[in-house]
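First the structure, in the form of structure tokens, and then the observations on it.
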Amino acid sequence: MHMNTPSRKAIRLTRRGRIVLIATGAVVAGTAVAVPLLSMDGEAEKKPTTLVIPEGWRSGQVYEAVDKALALPAGTTKKSLAKADLKLPTDADGNPEGYLFPATYPLETNGKKATPQALLKAMVDTANKKFNGAPIAAGAQRNAMNVYQAVTIASIVQAEAATKADMGKVARVVFNRLERGMPLQMDSTINYALNRSTLKTTESDTRIDSPYNSYQRMGLPPTPIDNPGEEAVRAAINPTPGDWLYFVTVKPGDTRFTADYAEHQRNVAEFNRNQRSTPPEEKSK
């Protein structure tokens, strides 16, 4: 069944960053800066031994983290892509976004220091092992999509869901809108296109010319928009049953899903009131 979509100006789906930033008091503006999460063995002056890639990081953040972890000039890891011989799906067209699997990776093996190519290969190999196993591959097929499409949906779920408990519902919203011929209208895809993270998408943002503009383009974006974790991938192949088409996090811990546009408008109005009542210092921490 196809449904008419209310005006783009009126609709605003929630972003995961909106609730996360409110909850933590952190603000990320402009291009995201990756800080490698490094574990240390022993005293502080010793060199890091592992690199932790968190769920939801974009490829650019991963490249920067690898550069820092290996003490390499900025841009070195990204330049190494061409010679990394990554085993990516054909649909990826050489873009590893979505397949730099979030996990902990050693910076040295058998006394040999890791290289950018080796770390990227380890991430992609881990992703292939996770994604191409029977549960994920079968789940994707059950939902009439291939694994790459499932990972793309998972990346949206990772970016949009306020909590792990919400992931299945967010995935269902994606499926419901696709099935009804509605644009996804996800702020996270706009942020990916603009290489930023913000709390709010403007009307002019929704008019940008990009294949990642899910306000203007139908269907899924051409690639994943981040590197999702296992929970998000599981949600993408096992979405929670429901008829929801809209969602917004009105306050920390309170994300509301609905199929009724008028109800969604009321929820958005409550979110806006909560934003206005939040002290400026709390928003900028």
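Going through the structure tokens in order, the chains are called A, B, and so on, while each chain numbers its residues from 1 and the ligands are numbered from 1 in the order shown.
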
Within 8 Å of Pro221 of chain A, counting only C-alpha atoms, which residues qualify if same-chain residues fewer than 3 places away don't, as a list in words?
Thr152, Thr189, Pro211, Tyr212, Asn213, Ser214, Pro224 and Ile225 of chain A

Would you export the selected residues with N, CA, C and O atoms as a short mmCIF file (atom, residue, chain, number, x, y, z; two decimals), in the first residue's frame, please?
data_model
loop_
_atom_site.label_atom_id
_atom_site.label_comp_id
_atom_site.auth_asym_id
_atom_site.auth_seq_id
_atom_site.Cartn_x
_atom_site.Cartn_y
_atom_site.Cartn_z
N THR A 152 23.50 -2.00 5.01
CA THR A 152 23.14 -0.60 4.81
C THR A 152 22.02 -0.20 5.75
O THR A 152 22.06 0.88 6.38
N THR A 189 21.41 10.21 7.14
CA THR A 189 21.96 10.13 5.78
C THR A 189 22.38 11.50 5.27
O THR A 189 23.34 11.62 4.52
N PRO A 211 23.31 11.48 -3.54
CA PRO A 211 22.62 10.18 -3.51
C PRO A 211 22.29 9.73 -2.09
O PRO A 211 21.52 8.80 -1.90
N TYR A 212 22.88 10.40 -1.09
CA TYR A 212 22.61 10.08 0.31
C TYR A 212 21.49 10.95 0.90
O TYR A 212 21.19 10.84 2.08
N ASN A 213 20.90 11.79 0.07
CA ASN A 213 19.80 12.64 0.53
C ASN A 213 18.51 11.82 0.52
O ASN A 213 17.81 11.74 -0.48
N SER A 214 18.19 11.22 1.67
CA SER A 214 17.01 10.34 1.73
C SER A 214 15.71 11.12 1.87
O SER A 214 14.64 10.52 1.99
N PRO A 224 26.39 1.81 2.97
CA PRO A 224 26.16 2.08 4.39
C PRO A 224 26.67 3.46 4.75
O PRO A 224 27.49 4.05 4.03
N ILE A 225 26.18 4.00 5.86
CA ILE A 225 26.59 5.35 6.28
C ILE A 225 27.48 5.32 7.52
O ILE A 225 27.87 6.37 8.02
#

In segment 18-161 of chain A, what's strand (DSSP E or B) per DSSP? Answer as number ranges by chain?
A: 37-39, 50-52, 104-106, 108-109, 112-113

Export, as a PDB file, in the first residue's frame, the selected residues with C-alpha atoms.
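File part30.pdb, as written:
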ATOM      1  CA  LEU A  37      40.668   4.059  21.675  1.00  0.00           C
ATOM      2  CA  LEU A  38      43.904   2.425  22.687  1.00  0.00           C
ATOM      3  CA  SER A  39      44.465  -0.074  25.450  1.00  0.00           C
ATOM      4  CA  THR A  50      45.418  -2.609  20.571  1.00  0.00           C
ATOM      5  CA  LEU A  51      43.032  -0.355  18.692  1.00  0.00           C
ATOM      6  CA  VAL A  52      39.312  -0.368  19.528  1.00  0.00           C
ATOM      7  CA  THR A 104      39.475  -4.672  19.076  1.00  0.00           C
ATOM      8  CA  TYR A 105      42.495  -5.181  16.811  1.00  0.00           C
ATOM      9  CA  PRO A 106      46.113  -5.860  17.815  1.00  0.00           C
ATOM     10  CA  GLU A 108      51.446  -5.966  16.820  1.00  0.00           C
ATOM     11  CA  THR A 109      51.444  -9.678  15.995  1.00  0.00           C
ATOM     12  CA  LYS A 112      55.640  -7.459  13.907  1.00  0.00           C
ATOM     13  CA  LYS A 113      53.997  -4.030  13.873  1.00  0.00           C
TER      14      LYS A 113
END

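Residues in contact with Leu107 of chain A at up to 10 Å, not including ones fewer than 6 positions away on its chain and judged by only C-alpha atoms, are Leu38, Lys47, Pro48, Thr49, Thr50, Leu51, Val66, Ala69, Leu70, Lys113, Ala114, Thr115, Pro116, Ala118 and Leu119 of chain A.
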
Could those selected residues go to a file with N, CA and C atoms, as a PDB file, in the first residue's frame?
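Output contents, as saved in part30.pdb:
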ATOM      1  N   LEU A  38      42.741   3.299  22.595  1.00  0.00           N
ATOM      2  CA  LEU A  38      43.904   2.425  22.687  1.00  0.00           C
ATOM      3  C   LEU A  38      44.017   1.846  24.083  1.00  0.00           C
ATOM      4  N   LYS A  47      53.837   1.830  24.754  1.00  0.00           N
ATOM      5  CA  LYS A  47      53.068   2.040  23.539  1.00  0.00           C
ATOM      6  C   LYS A  47      51.759   1.260  23.592  1.00  0.00           C
ATOM      7  N   PRO A  48      50.733   1.773  22.915  1.00  0.00           N
ATOM      8  CA  PRO A  48      49.461   1.056  22.880  1.00  0.00           C
ATOM      9  C   PRO A  48      49.616  -0.285  22.177  1.00  0.00           C
ATOM     10  N   THR A  49      48.826  -1.249  22.591  1.00  0.00           N
ATOM     11  CA  THR A  49      48.934  -2.589  22.020  1.00  0.00           C
ATOM     12  C   THR A  49      47.733  -2.976  21.161  1.00  0.00           C
ATOM     13  N   THR A  50      46.607  -2.299  21.361  1.00  0.00           N
ATOM     14  CA  THR A  50      45.418  -2.609  20.571  1.00  0.00           C
ATOM     15  C   THR A  50      44.690  -1.333  20.175  1.00  0.00           C
ATOM     16  N   LEU A  51      43.869  -1.457  19.154  1.00  0.00           N
ATOM     17  CA  LEU A  51      43.032  -0.355  18.692  1.00  0.00           C
ATOM     18  C   LEU A  51      41.581  -0.816  18.743  1.00  0.00           C
ATOM     19  N   VAL A  66      43.446   4.805  12.835  1.00  0.00           N
ATOM     20  CA  VAL A  66      44.574   3.930  12.482  1.00  0.00           C
ATOM     21  C   VAL A  66      45.848   4.759  12.303  1.00  0.00           C
ATOM     22  N   ALA A  69      47.023   5.606  15.777  1.00  0.00           N
ATOM     23  CA  ALA A  69      47.495   4.445  16.524  1.00  0.00           C
ATOM     24  C   ALA A  69      48.865   3.979  16.047  1.00  0.00           C
ATOM     25  N   LEU A  70      49.108   4.108  14.739  1.00  0.00           N
ATOM     26  CA  LEU A  70      50.383   3.668  14.172  1.00  0.00           C
ATOM     27  C   LEU A  70      51.381   4.810  14.013  1.00  0.00           C
ATOM     28  N   LYS A 113      54.940  -5.141  13.774  1.00  0.00           N
ATOM     29  CA  LYS A 113      53.997  -4.030  13.873  1.00  0.00           C
ATOM     30  C   LYS A 113      52.966  -4.097  12.752  1.00  0.00           C
ATOM     31  N   ALA A 114      51.720  -3.819  13.100  1.00  0.00           N
ATOM     32  CA  ALA A 114      50.648  -3.838  12.105  1.00  0.00           C
ATOM     33  C   ALA A 114      50.826  -2.704  11.103  1.00  0.00           C
ATOM     34  N   THR A 115      50.322  -2.904   9.910  1.00  0.00           N
ATOM     35  CA  THR A 115      50.297  -1.877   8.872  1.00  0.00           C
ATOM     36  C   THR A 115      48.855  -1.444   8.661  1.00  0.00           C
ATOM     37  N   PRO A 116      48.639  -0.285   8.040  1.00  0.00           N
ATOM     38  CA  PRO A 116      47.261   0.122   7.746  1.00  0.00           C
ATOM     39  C   PRO A 116      46.524  -0.928   6.919  1.00  0.00           C
ATOM     40  N   ALA A 118      47.026  -4.141   6.813  1.00  0.00           N
ATOM     41  CA  ALA A 118      46.721  -5.320   7.621  1.00  0.00           C
ATOM     42  C   ALA A 118      45.526  -5.068   8.543  1.00  0.00           C
ATOM     43  N   LEU A 119      45.464  -3.873   9.140  1.00  0.00           N
ATOM     44  CA  LEU A 119      44.351  -3.554  10.023  1.00  0.00           C
ATOM     45  C   LEU A 119      43.036  -3.461   9.239  1.00  0.00           C
TER      46      LEU A 119
END

Which residues are near segment 147-151 of chain A? Cut-off 7 Å, only C-alpha atoms, ignore same chain within fewer than 2 positions. Put them as a PyMOL selection string.
chain A and resi 98+131+137+140+145+153-155+224+233+236-237

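Taking only C-alpha atoms, the non-local environment of Met218 of chain A within 12 Å (same-chain residues fewer than 3 positions away omitted) comprises Val174, Arg177, Leu178, Glu179, Arg180, Gly181, Met182, Pro183, Leu184, Gln185, Met186, Ser210, Pro211, Tyr212, Asn213, Ser214, Tyr215, Pro221 and Pro222 of chain A.
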
Residue with the minimum atom-to-atom distance to Lys121 of chain A, picked from A:Gln158, A:Asn143, A:Ser197, A:Thr77 with only C-alpha atoms counted, is A:Thr77

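All residues of protein, DNA or RNA that reach within 10 Å of segment 264-267 of chain A, judged by only C-alpha atoms and not counting those fewer than 3 positions away in the chain, are A:Ala10, A:Ile11, A:Arg12, A:Leu13, A:Leu245, A:Tyr246, A:Phe247, A:Val248, A:Thr249, A:Val250, A:Thr255, A:Arg256, A:Phe257, A:Thr258, A:Ala259, A:Asp260, A:Tyr261, A:Glu270, A:Phe271, A:Asn272, A:Arg273.
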
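A straight line drawn from atom CA of Pro89 of chain A to atom CA of Ala144 of chain A is 17.3 Å long.
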
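Residues with any atom within 12 Å of Thr240 of chain A, counting only C-alpha atoms and excluding same-chain neighbours fewer than 2 positions away, are Ala165, Asp166, Met167, Gly168, Lys169, Val170, Ala171, Arg172, Val173, Val174, Phe175, Asn176, Arg234, Ala235, Ala236, Ile237, Asn238, Gly242, Asp243, Trp244 and Phe257 of chain A.
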
Which of segment 22-268 of chain A DSSP labels helix (DSSP H, G or I), written as a ChimeraX atom specification
/A:22-24,59-69,76-83,90-92,116-131,134-142,147-160,164-179,187-193,205-207,230-237,261-268

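Coordinates place atom CA of Pro102 of chain A at a distance of 22.3 Å from atom CA of Thr198 of chain A.
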
Take atom CA of Ser59 of chain A and atom CA of Thr202 of chain A and report the distance between them in Å, one decimal.
24.8 Å
